[in-house]
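Structure file model-v2.tsv; described as TSV, C-alpha atoms and all ligand atoms.
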```
chain	number	residue	atom	x	y	z
J	1	MET	CA	43.11	2.84	-28.86
J	2	SER	CA	42.95	4.22	-25.30
J	3	GLU	CA	41.62	7.53	-26.68
J	4	ALA	CA	38.73	5.58	-28.26
J	5	VAL	CA	37.89	4.07	-24.86
J	6	LEU	CA	37.97	7.48	-23.18
J	7	GLU	CA	35.83	8.95	-25.94
J	8	ASN	CA	33.32	6.11	-25.47
J	9	ILE	CA	33.15	6.88	-21.73
J	10	ARG	CA	32.70	10.62	-22.36
J	11	THR	CA	30.00	10.35	-25.01
J	12	ARG	CA	27.71	7.71	-23.46
J	13	ARG	CA	24.41	9.33	-22.39
J	14	VAL	CA	21.26	7.76	-20.97
J	15	VAL	CA	18.68	7.46	-23.76
J	16	ARG	CA	15.02	7.60	-22.75
J	17	GLN	CA	13.43	7.45	-26.22
J	18	MET	CA	14.19	4.42	-28.35
J	19	SER	CA	12.94	3.23	-31.74
J	20	ASP	CA	11.35	-0.18	-32.43
J	21	GLU	CA	14.43	-1.35	-34.36
J	22	PRO	CA	15.42	-4.76	-32.94
J	23	VAL	CA	18.82	-5.47	-31.39
J	24	LYS	CA	20.78	-8.34	-32.91
J	25	ARG	CA	21.31	-11.43	-30.77
J	26	ALA	CA	25.10	-11.21	-31.26
J	27	GLN	CA	25.05	-7.64	-29.89
J	28	ILE	CA	23.11	-8.71	-26.78
J	29	GLU	CA	25.60	-11.50	-26.22
J	30	ALA	CA	28.54	-9.11	-26.64
J	31	ILE	CA	27.05	-6.86	-23.94
J	32	LEU	CA	26.59	-9.83	-21.57
J	33	GLU	CA	30.11	-11.01	-22.27
J	34	ALA	CA	31.41	-7.52	-21.41
J	35	ALA	CA	29.55	-7.70	-18.06
J	36	ARG	CA	31.28	-10.97	-17.35
J	37	TRP	CA	34.57	-9.02	-17.31
J	38	ALA	CA	33.35	-6.32	-14.91
J	39	PRO	CA	35.15	-6.32	-11.56
J	40	SER	CA	33.39	-8.23	-8.77
J	41	GLY	CA	34.11	-8.05	-5.01
J	42	GLY	CA	36.10	-11.13	-3.99
J	43	ASN	CA	35.53	-12.37	-7.57
J	44	LEU	CA	32.35	-13.95	-6.18
J	45	ARG	CA	30.10	-13.05	-9.16
J	46	PRO	CA	26.77	-12.79	-7.32
J	47	ASN	CA	25.07	-11.05	-10.31
J	48	ARG	CA	22.68	-12.92	-12.58
J	49	TYR	CA	21.34	-11.41	-15.80
J	50	ILE	CA	17.84	-11.95	-17.19
J	51	VAL	CA	17.33	-10.94	-20.82
J	52	ILE	CA	13.79	-9.98	-21.82
J	53	GLU	CA	12.88	-9.60	-25.48
J	54	ASP	CA	9.26	-10.82	-25.40
J	55	ALA	CA	7.01	-7.83	-26.21
J	56	GLU	CA	4.20	-8.64	-23.78
J	57	THR	CA	6.59	-9.27	-20.87
J	58	ARG	CA	8.33	-5.96	-21.63
J	59	ARG	CA	4.96	-4.18	-21.71
J	60	LEU	CA	4.00	-5.57	-18.30
J	61	ILE	CA	7.37	-4.62	-16.82
J	62	ARG	CA	7.00	-1.06	-18.08
J	63	LEU	CA	3.59	-0.83	-16.44
J	64	VAL	CA	5.10	-1.48	-13.00
J	65	SER	CA	8.21	0.63	-13.67
J	66	PRO	CA	7.37	4.33	-13.34
J	67	GLY	CA	11.03	5.23	-14.01
J	68	MET	CA	11.16	3.34	-17.31
J	69	PHE	CA	10.46	6.00	-19.91
J	70	GLN	CA	11.98	4.00	-22.79
J	71	LYS	CA	10.10	1.42	-24.84
J	72	ALA	CA	13.27	-0.62	-25.31
J	73	PRO	CA	13.37	-3.73	-27.50
J	74	VAL	CA	15.66	-5.47	-24.98
J	75	LEU	CA	15.73	-5.34	-21.20
J	76	ILE	CA	18.56	-6.83	-19.20
J	77	LEU	CA	17.69	-7.23	-15.54
J	78	ILE	CA	20.63	-7.41	-13.15
J	79	CYS	CA	19.73	-9.62	-10.20
J	80	THR	CA	21.64	-10.48	-7.06
J	81	ASN	CA	21.70	-14.21	-6.43
J	82	TRP	CA	21.52	-14.40	-2.64
J	83	GLU	CA	22.54	-18.07	-2.64
J	84	VAL	CA	26.00	-17.00	-3.85
J	85	ALA	CA	26.17	-14.36	-1.10
J	86	ALA	CA	25.12	-16.90	1.56
J	87	GLU	CA	27.52	-19.53	0.28
J	88	HIS	CA	30.41	-17.10	0.81
J	89	HIS	CA	29.03	-15.79	4.13
J	90	LEU	CA	28.55	-12.28	2.76
J	91	PRO	CA	26.17	-10.37	5.06
J	92	PRO	CA	23.19	-8.96	3.10
J	93	THR	CA	24.41	-5.42	3.86
J	94	ASP	CA	27.88	-6.02	2.36
J	95	ARG	CA	28.35	-3.11	-0.03
J	96	ALA	CA	30.24	-5.26	-2.52
J	97	LEU	CA	26.84	-6.61	-3.59
J	98	LEU	CA	25.64	-3.15	-4.63
J	99	ILE	CA	28.97	-2.17	-6.13
J	100	ASP	CA	28.92	-5.32	-8.27
J	101	ILE	CA	25.60	-4.20	-9.75
J	102	GLY	CA	27.17	-0.82	-10.56
J	103	THR	CA	30.28	-2.22	-12.22
J	104	ALA	CA	28.18	-4.56	-14.36
J	105	ALA	CA	25.69	-1.83	-15.28
J	106	GLN	CA	28.33	0.65	-16.41
J	107	THR	CA	30.26	-2.04	-18.28
J	108	MET	CA	27.11	-3.07	-20.18
J	109	MET	CA	26.17	0.53	-21.02
J	110	LEU	CA	29.67	1.28	-22.31
J	111	ALA	CA	29.65	-1.95	-24.33
J	112	ALA	CA	26.26	-1.01	-25.82
J	113	HIS	CA	27.57	2.45	-26.71
J	114	ALA	CA	30.67	0.94	-28.33
J	115	LEU	CA	28.34	-1.22	-30.46
J	116	GLY	CA	26.41	1.87	-31.57
J	117	LEU	CA	23.43	1.06	-29.34
J	118	ALA	CA	21.55	3.25	-26.87
J	119	SER	CA	21.06	2.30	-23.22
J	120	GLY	CA	19.52	3.50	-19.98
J	121	PRO	CA	19.51	2.18	-16.41
J	122	VAL	CA	16.28	1.96	-14.41
J	123	THR	CA	15.88	1.36	-10.68
J	124	SER	CA	12.45	2.97	-10.23
J	125	TYR	CA	10.11	-0.03	-10.36
J	126	SER	CA	8.24	-2.24	-7.93
J	127	LYS	CA	10.53	-5.13	-7.07
J	128	GLU	CA	7.61	-7.26	-5.89
J	129	ALA	CA	5.66	-6.73	-9.12
J	130	VAL	CA	8.74	-7.46	-11.26
J	131	LYS	CA	9.45	-10.65	-9.29
J	132	MET	CA	5.91	-11.87	-9.98
J	133	ILE	CA	5.88	-10.91	-13.66
J	134	LEU	CA	9.20	-12.70	-14.29
J	135	ASN	CA	8.48	-15.58	-11.91
J	136	LEU	CA	11.96	-15.01	-10.42
J	137	PRO	CA	13.46	-17.75	-8.26
J	138	GLU	CA	13.23	-16.96	-4.52
J	139	ALA	CA	17.01	-16.37	-4.28
J	140	TYR	CA	17.05	-13.68	-7.00
J	141	SER	CA	16.36	-10.01	-6.22
J	142	PRO	CA	15.76	-7.68	-9.20
J	143	GLU	CA	18.27	-4.84	-8.73
J	144	MET	CA	18.49	-2.81	-11.95
J	145	PHE	CA	17.21	-2.88	-15.52
J	146	ILE	CA	19.45	-1.89	-18.39
J	147	CYS	CA	17.29	-0.89	-21.36
J	148	ILE	CA	18.99	-1.50	-24.69
J	149	GLY	CA	17.92	-0.33	-28.13
J	150	HIS	CA	18.44	2.28	-30.79
J	151	LYS	CA	18.05	5.98	-30.07
J	152	ALA	CA	14.81	7.40	-31.50
J	153	GLU	CA	15.29	10.08	-34.12
J	154	ALA	CA	13.37	12.65	-32.09
J	155	ALA	CA	14.98	11.71	-28.76
J	156	GLN	CA	15.16	14.56	-26.28
J	157	PRO	CA	18.35	15.49	-24.46
J	158	GLY	CA	18.75	13.89	-21.03
J	159	MET	CA	17.97	15.39	-17.66
J	160	ARG	CA	19.58	18.82	-17.17
J	161	ALA	CA	22.45	18.78	-14.65
J	162	TRP	CA	21.75	20.19	-11.17
J	163	LYS	CA	24.82	22.31	-11.69
J	164	LYS	CA	27.76	22.25	-14.06
J	165	ILE	CA	30.46	20.01	-12.69
J	166	SER	CA	33.92	19.06	-13.75
J	167	TRP	CA	36.01	16.24	-12.37
J	168	ARG	CA	37.87	18.86	-10.32
J	169	ASP	CA	34.70	19.69	-8.36
J	170	LEU	CA	34.44	16.03	-7.40
J	171	THR	CA	38.06	15.49	-6.42
J	172	HIS	CA	40.23	16.29	-3.41
J	173	TRP	CA	43.98	15.65	-3.51
J	174	GLU	CA	45.81	14.21	-0.51
J	175	ARG	CA	45.03	14.65	3.21
J	176	PHE	CA	42.44	17.13	4.44
J	177	ASN	CA	43.82	19.92	6.59
J	178	SER	CA	42.52	20.06	10.16
J	179	ASP	CA	41.61	23.79	10.08
M	180	MET	CA	-16.21	9.27	-47.91
M	181	ALA	CA	-16.50	6.90	-44.95
M	182	VAL	CA	-13.52	8.67	-43.40
M	183	LYS	CA	-15.20	12.05	-43.83
M	184	GLN	CA	-18.43	10.75	-42.31
M	185	ALA	CA	-16.50	9.37	-39.37
M	186	ALA	CA	-14.77	12.73	-38.94
M	187	VAL	CA	-18.14	14.55	-38.94
M	188	ALA	CA	-19.58	12.01	-36.49
M	189	SER	CA	-16.59	12.41	-34.20
M	190	GLU	CA	-16.90	16.22	-34.41
M	191	CYS	CA	-20.59	15.91	-33.43
M	192	ALA	CA	-19.64	13.61	-30.57
M	193	ARG	CA	-17.13	16.22	-29.41
M	194	LYS	CA	-19.66	19.06	-29.51
M	195	GLU	CA	-22.19	16.98	-27.61
M	196	ALA	CA	-19.61	15.75	-25.15
M	197	SER	CA	-18.46	19.27	-24.29
M	198	THR	CA	-21.74	19.78	-22.50
M	199	MET	CA	-21.75	16.23	-21.16
M	200	SER	CA	-18.92	15.59	-18.75
M	201	GLU	CA	-20.39	12.13	-17.96
M	202	ASN	CA	-18.79	11.04	-21.24
M	203	TRP	CA	-16.92	7.66	-20.95
M	204	VAL	CA	-13.33	8.16	-22.05
M	205	LEU	CA	-11.32	5.37	-20.36
M	206	LYS	CA	-11.32	1.66	-21.14
M	207	GLU	CA	-10.92	-0.93	-18.36
M	208	GLY	CA	-7.51	-2.07	-19.62
M	209	GLU	CA	-6.29	1.53	-19.65
M	210	ALA	CA	-7.64	2.16	-16.16
M	211	VAL	CA	-5.79	-0.88	-14.85
M	212	GLU	CA	-2.57	0.35	-16.50
M	213	LEU	CA	-3.01	3.70	-14.80
M	214	LEU	CA	-3.63	1.98	-11.45
M	215	ALA	CA	-0.41	0.00	-11.93
M	216	LEU	CA	1.50	3.25	-12.42
M	217	LEU	CA	-0.11	4.96	-9.41
M	218	ILE	CA	0.34	2.05	-7.01
M	219	THR	CA	3.92	1.22	-8.00
M	220	SER	CA	4.79	4.95	-7.89
M	221	ALA	CA	3.46	5.11	-4.32
M	222	ARG	CA	5.70	2.19	-3.35
M	223	ILE	CA	8.90	3.42	-4.94
M	224	GLN	CA	8.35	6.92	-3.56
M	225	MET	CA	8.95	5.47	-0.06
M	226	GLU	CA	12.64	5.18	-0.97
M	227	GLU	CA	13.17	7.93	-3.54
M	228	PRO	CA	13.92	11.64	-3.10
M	229	ALA	CA	10.87	13.81	-2.37
M	230	HIS	CA	11.25	15.76	-5.63
M	231	TYR	CA	10.47	12.55	-7.57
M	232	GLY	CA	6.88	12.79	-6.26
M	233	PRO	CA	5.84	15.50	-8.76
M	234	LEU	CA	7.60	13.55	-11.53
M	235	ARG	CA	5.50	10.43	-10.85
M	236	LEU	CA	2.25	12.41	-10.63
M	237	LEU	CA	3.06	14.17	-13.89
M	238	THR	CA	3.92	10.86	-15.56
M	239	ALA	CA	0.47	9.59	-14.51
M	240	ALA	CA	-1.14	12.81	-15.81
M	241	GLU	CA	0.62	12.44	-19.14
M	242	ARG	CA	-0.30	8.74	-19.40
M	243	LEU	CA	-3.97	9.46	-18.58
M	244	SER	CA	-4.04	12.32	-21.09
M	245	SER	CA	-2.71	9.99	-23.82
M	246	MET	CA	-5.33	7.38	-22.96
M	247	ILE	CA	-8.34	9.66	-23.09
M	248	ALA	CA	-7.43	12.36	-25.64
M	249	GLU	CA	-8.89	10.42	-28.56
M	250	ARG	CA	-12.33	10.14	-26.94
M	251	SER	CA	-12.40	13.47	-25.12
M	252	SER	CA	-14.63	16.44	-25.79
M	253	GLU	CA	-13.53	19.71	-27.38
M	254	ALA	CA	-13.52	21.28	-23.93
M	255	SER	CA	-10.62	19.07	-22.80
M	256	LEU	CA	-8.75	18.38	-26.00
M	257	GLU	CA	-6.32	21.31	-25.96
M	258	PHE	CA	-5.42	20.72	-22.32
M	259	LEU	CA	-4.83	17.00	-22.92
M	260	THR	CA	-2.77	17.57	-26.06
M	261	GLU	CA	-0.57	20.08	-24.25
M	262	ASN	CA	-0.05	17.59	-21.39
M	263	ILE	CA	1.13	14.97	-23.87
M	264	GLU	CA	3.50	17.41	-25.55
M	265	ARG	CA	4.84	19.37	-22.59
M	266	ILE	CA	5.08	16.97	-19.65
M	267	PRO	CA	7.98	14.84	-21.03
M	268	GLU	CA	10.00	18.05	-21.54
M	269	MET	CA	9.21	19.16	-17.99
M	270	HIS	CA	10.93	16.08	-16.52
M	271	MET	CA	14.19	17.22	-18.03
M	272	VAL	CA	14.23	20.57	-16.21
M	273	MET	CA	13.51	19.02	-12.79
M	274	SER	CA	16.92	20.22	-11.58
M	275	ASP	CA	16.03	23.86	-12.35
M	276	VAL	CA	13.55	24.44	-9.52
M	277	ASP	CA	12.36	27.83	-10.82
M	278	ALA	CA	11.77	26.57	-14.36
M	279	TYR	CA	10.06	23.43	-13.01
M	280	SER	CA	7.77	25.43	-10.71
M	281	ALA	CA	6.93	27.84	-13.54
M	282	ALA	CA	6.06	24.93	-15.87
M	283	LEU	CA	3.91	23.36	-13.13
M	284	ASP	CA	2.12	26.68	-12.53
M	285	GLU	CA	1.46	26.90	-16.25
M	286	ARG	CA	-0.12	23.38	-16.16
M	287	CYS	CA	-2.19	24.43	-13.12
M	288	ARG	CA	-3.54	27.43	-15.03
M	289	ALA	CA	-4.31	25.13	-17.97
M	290	VAL	CA	-6.22	22.71	-15.74
M	291	ALA	CA	-8.20	25.58	-14.22
M	292	ALA	CA	-9.10	26.83	-17.72
M	293	CYS	CA	-10.19	23.30	-18.66
M	294	LEU	CA	-12.34	23.02	-15.51
M	295	LEU	CA	-13.97	26.35	-16.34
M	296	ARG	CA	-14.74	25.18	-19.88
M	297	HIS	CA	-16.53	22.20	-18.36
M	298	SER	CA	-18.42	24.33	-15.87
M	299	SER	CA	-21.30	26.75	-16.11
M	300	ILE	CA	-19.02	29.57	-14.89
M	301	SER	CA	-17.43	31.38	-17.81
M	302	GLU	CA	-13.63	31.42	-18.19
M	303	GLU	CA	-13.51	35.18	-18.87
M	304	PRO	CA	-15.03	37.21	-16.03
M	305	GLU	CA	-17.58	39.69	-17.39
I	1	LIG	C1	21.71	3.98	-9.58
I	1	LIG	C2	21.07	4.66	-10.77
I	1	LIG	C3	19.69	4.58	-10.94
I	1	LIG	C4	19.07	5.20	-12.04
I	1	LIG	N1	17.72	5.05	-12.22
I	1	LIG	C5	17.12	5.61	-13.29
I	1	LIG	C6	15.73	5.39	-13.54
I	1	LIG	O1	15.03	4.70	-12.79
I	1	LIG	N2	15.19	6.00	-14.62
I	1	LIG	C7	15.93	6.78	-15.48
I	1	LIG	O2	15.36	7.28	-16.46
I	1	LIG	N3	17.26	6.98	-15.28
I	1	LIG	C8	17.87	6.41	-14.21
I	1	LIG	N4	19.24	6.60	-14.02
I	1	LIG	C9	20.01	7.41	-14.97
I	1	LIG	C10	20.46	8.78	-14.42
I	1	LIG	O3	19.35	9.65	-14.29
I	1	LIG	C11	21.52	9.36	-15.37
I	1	LIG	O4	22.64	8.54	-15.35
I	1	LIG	C12	21.91	10.78	-14.99
I	1	LIG	O5	20.82	11.67	-15.18
I	1	LIG	C13	23.11	11.30	-15.80
I	1	LIG	O6	22.86	11.18	-17.18
I	1	LIG	P1	23.95	10.49	-18.16
I	1	LIG	O7	24.22	9.11	-17.64
I	1	LIG	O8	23.32	10.53	-19.52
I	1	LIG	O9	25.17	11.36	-18.08
I	1	LIG	C14	19.86	5.96	-12.95
I	1	LIG	C15	21.25	6.00	-12.79
I	1	LIG	C16	21.86	5.35	-11.73
I	1	LIG	C17	23.35	5.38	-11.60
```
If you took the structure in this file and wrote it as structure tokens, what would it be?
Ligand SMILES: Cc1cc2nc3c(=O)[nH]c(=O)nc-3n(C[C@H](O)[C@H](O)[C@H](O)COP(=O)(O)O)c2cc1C
Amino acid sequence: MSEAVLENIRTRRVVRQMSDEPVKRAQIEAILEAARWAPSGGNLRPNRYIVIEDAETRRLIRLVSPGMFQKAPVLILICTNWEVAAEHHLPPTDRALLIDIGTAAQTMMLAAHALGLASGPVTSYSKEAVKMILNLPEAYSPEMFICIGHKAEAAQPGMRAWKKISWRDLTHWERFNSD
Amino acid sequence: MAVKQAAVASECARKEASTMSENWVLKEGEAVELLALLITSARIQMEEPAHYGPLRLLTAAERLSSMIAERSSEASLEFLTENIERIPEMHMVMSDVDAYSAALDERCRAVAACLLRHSSISEEPE
């Protein structure tokens, strides 16, 4: 069981070419339910999720999102609800707000992968244009899209790594020496 | 038969257009889509790493090529088709600066060749 989880983590890749095949409603709900279980600073749950399936709305969002290469059948927008932050006196710069977006995003992408679906995060879009297109409430800021769909047959491999890294390159054990 | 006639007509249009760079190739809806890409790219570039700049410009070039290829003249067609095929692959080698620069240089040579085909100067010096 735990090996299956580790394998799921290792084999998830961002997919930037998706087919038109629709995603089942139950699968979308399973992904959202997974996000509900992502860790959240102070258990405050400031994230709100907007699901977009409507074709014309997705088209408009893509037009103002230069970093959205996928034509995904489902977009999940992670928003921060600033009313929740204010209610709990979290300053706007509190990094828990950003970390919460990250924990939800990764949880949703791993859930999608476990369901046999492809996914990709996108932060390169105009927040102002997205707010207008979705008519977002004033308190919501659009923080990250998760594109969900099925990998296209002719999908290209993802972006080449800047350099080969292993977990060892990213890790330091114990205290740093002073010299 | 009708298909063949249309093909001949489009071939004639191409030949004529190659000497007529005033040819209209972009529809208003397409132009607005391209403007959306350019303007939102300018905004997000304020906060993104500098090397994303070429990526956004190339995305716009690829998008514009896709929009106009169908109505373009023979003089541009090869250049546009190559943009559509090669630019998406170029994004993926962004982290290899030498390969990225070489691919960009290759596109620059292709654009120069296309400009020459549209000009009265010949591509091959005599
Ligand atoms: C905060 C963040 C923002 C990202 N924004 C985008 C984006 O706008 N467009 C995109 O295609 N990929 C985006 N990505 C995906 C990364 O490029 C991708 O995770 C990275 O290249 C590693 O690929 P992998 O996840 O397949 O291993 C983003 C990832 C993160 C964590």
Please identify every residue of chain M that has at least one atom no farther than 7 Å from an atom of chain J, counting only C-alpha atoms, and for each give the shortest atom pair and the distance in Å to one decimal, arranged by chain then increasing number, as JSON lines.
```
{"residue": "M:Glu212", "atom": "CA", "partner": "J:Leu63", "partner_atom": "CA", "distance": 6.3}
{"residue": "M:Ala215", "atom": "CA", "partner": "J:Val64", "partner_atom": "CA", "distance": 5.8}
{"residue": "M:Leu216", "atom": "CA", "partner": "J:Val64", "partner_atom": "CA", "distance": 6.0}
{"residue": "M:Thr219", "atom": "CA", "partner": "J:Ser126", "partner_atom": "CA", "distance": 5.5}
{"residue": "M:Ser220", "atom": "CA", "partner": "J:Pro66", "partner_atom": "CA", "distance": 6.1}
{"residue": "M:Arg222", "atom": "CA", "partner": "J:Ser126", "partner_atom": "CA", "distance": 6.9}
{"residue": "M:Ile223", "atom": "CA", "partner": "J:Ser124", "partner_atom": "CA", "distance": 6.4}
{"residue": "M:Arg235", "atom": "CA", "partner": "J:Pro66", "partner_atom": "CA", "distance": 6.8}
{"residue": "M:Met271", "atom": "CA", "partner": "J:Met159", "partner_atom": "CA", "distance": 4.2}
{"residue": "M:Val272", "atom": "CA", "partner": "J:Arg160", "partner_atom": "CA", "distance": 5.7}
{"residue": "M:Ser274", "atom": "CA", "partner": "J:Trp162", "partner_atom": "CA", "distance": 4.8}
{"residue": "M:Asp275", "atom": "CA", "partner": "J:Trp162", "partner_atom": "CA", "distance": 6.9}
```
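Using all atoms listed in the file, the contacts of Thr238 (chain M) at a cut-off of 12 Å, with sequence neighbours closer than 4 positions omitted, comprise Leu63, Ser65, Pro66, Gly67, Met68 and Phe69 of chain J; Leu213, Leu216, Leu217, Ser220, Tyr231, Gly232, Pro233, Leu234, Arg242, Leu243, Ser244, Ser245, Asn262, Ile263, Glu264, Arg265, Ile266, Pro267, Glu268, Met269 and His270 of chain M.
Distances from M:Gln224, M:Glu201, M:Ala239, M:Leu295 to ligand LIG 1 (chain I) were compared using only C-alpha atoms and all ligand atoms, and the smallest one belongs to M:Gln224.
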Fill in: Test item: residues at most 7 Å from region 5-19 of chain J, all atoms listed in the file, excluding those fewer than 4 positions along its chain, as JSON, numbers by chain
{"J": [1, 69, 70, 71, 72, 110, 113, 114, 118, 119, 120, 149, 150, 151, 152, 155, 158]}
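The two atoms in question, CA of Leu214 (chain M) and CA of Glu21 (chain J), are spaced 29.4 Å apart.
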Fill in: Radius query 7 Å about (14.4, -10.1, -7.5), atoms used: only C-alpha atoms, as an MDAnalysis selection string
chainID J and resid 79 127 131 136 140:143
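The spacing separating CA of Ala4 (chain J) from CA of Gly102 (chain J) amounts to 22.1 Å.
Taking atom O1 of ligand LIG 1 (chain I) as the reference point, CA of Phe145 (chain J) is found at 8.3 Å.
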Fill in: Top pick for closest residue to ligand LIG 1 (chain I), considering M:Trp203, M:Ser298, M:Thr260, M:Met273 and counting all atoms listed in the file
M:Met273
Listed atoms of region 74-82 of chain J, axis-aligned box, 5 Å per side: centre and edge lengths to one decimal in Å, as JSON?
```
{"center_x": 18.7, "center_y": -9.9, "center_z": -13.8, "size_x": 16.0, "size_y": 19.1, "size_z": 32.3}
```
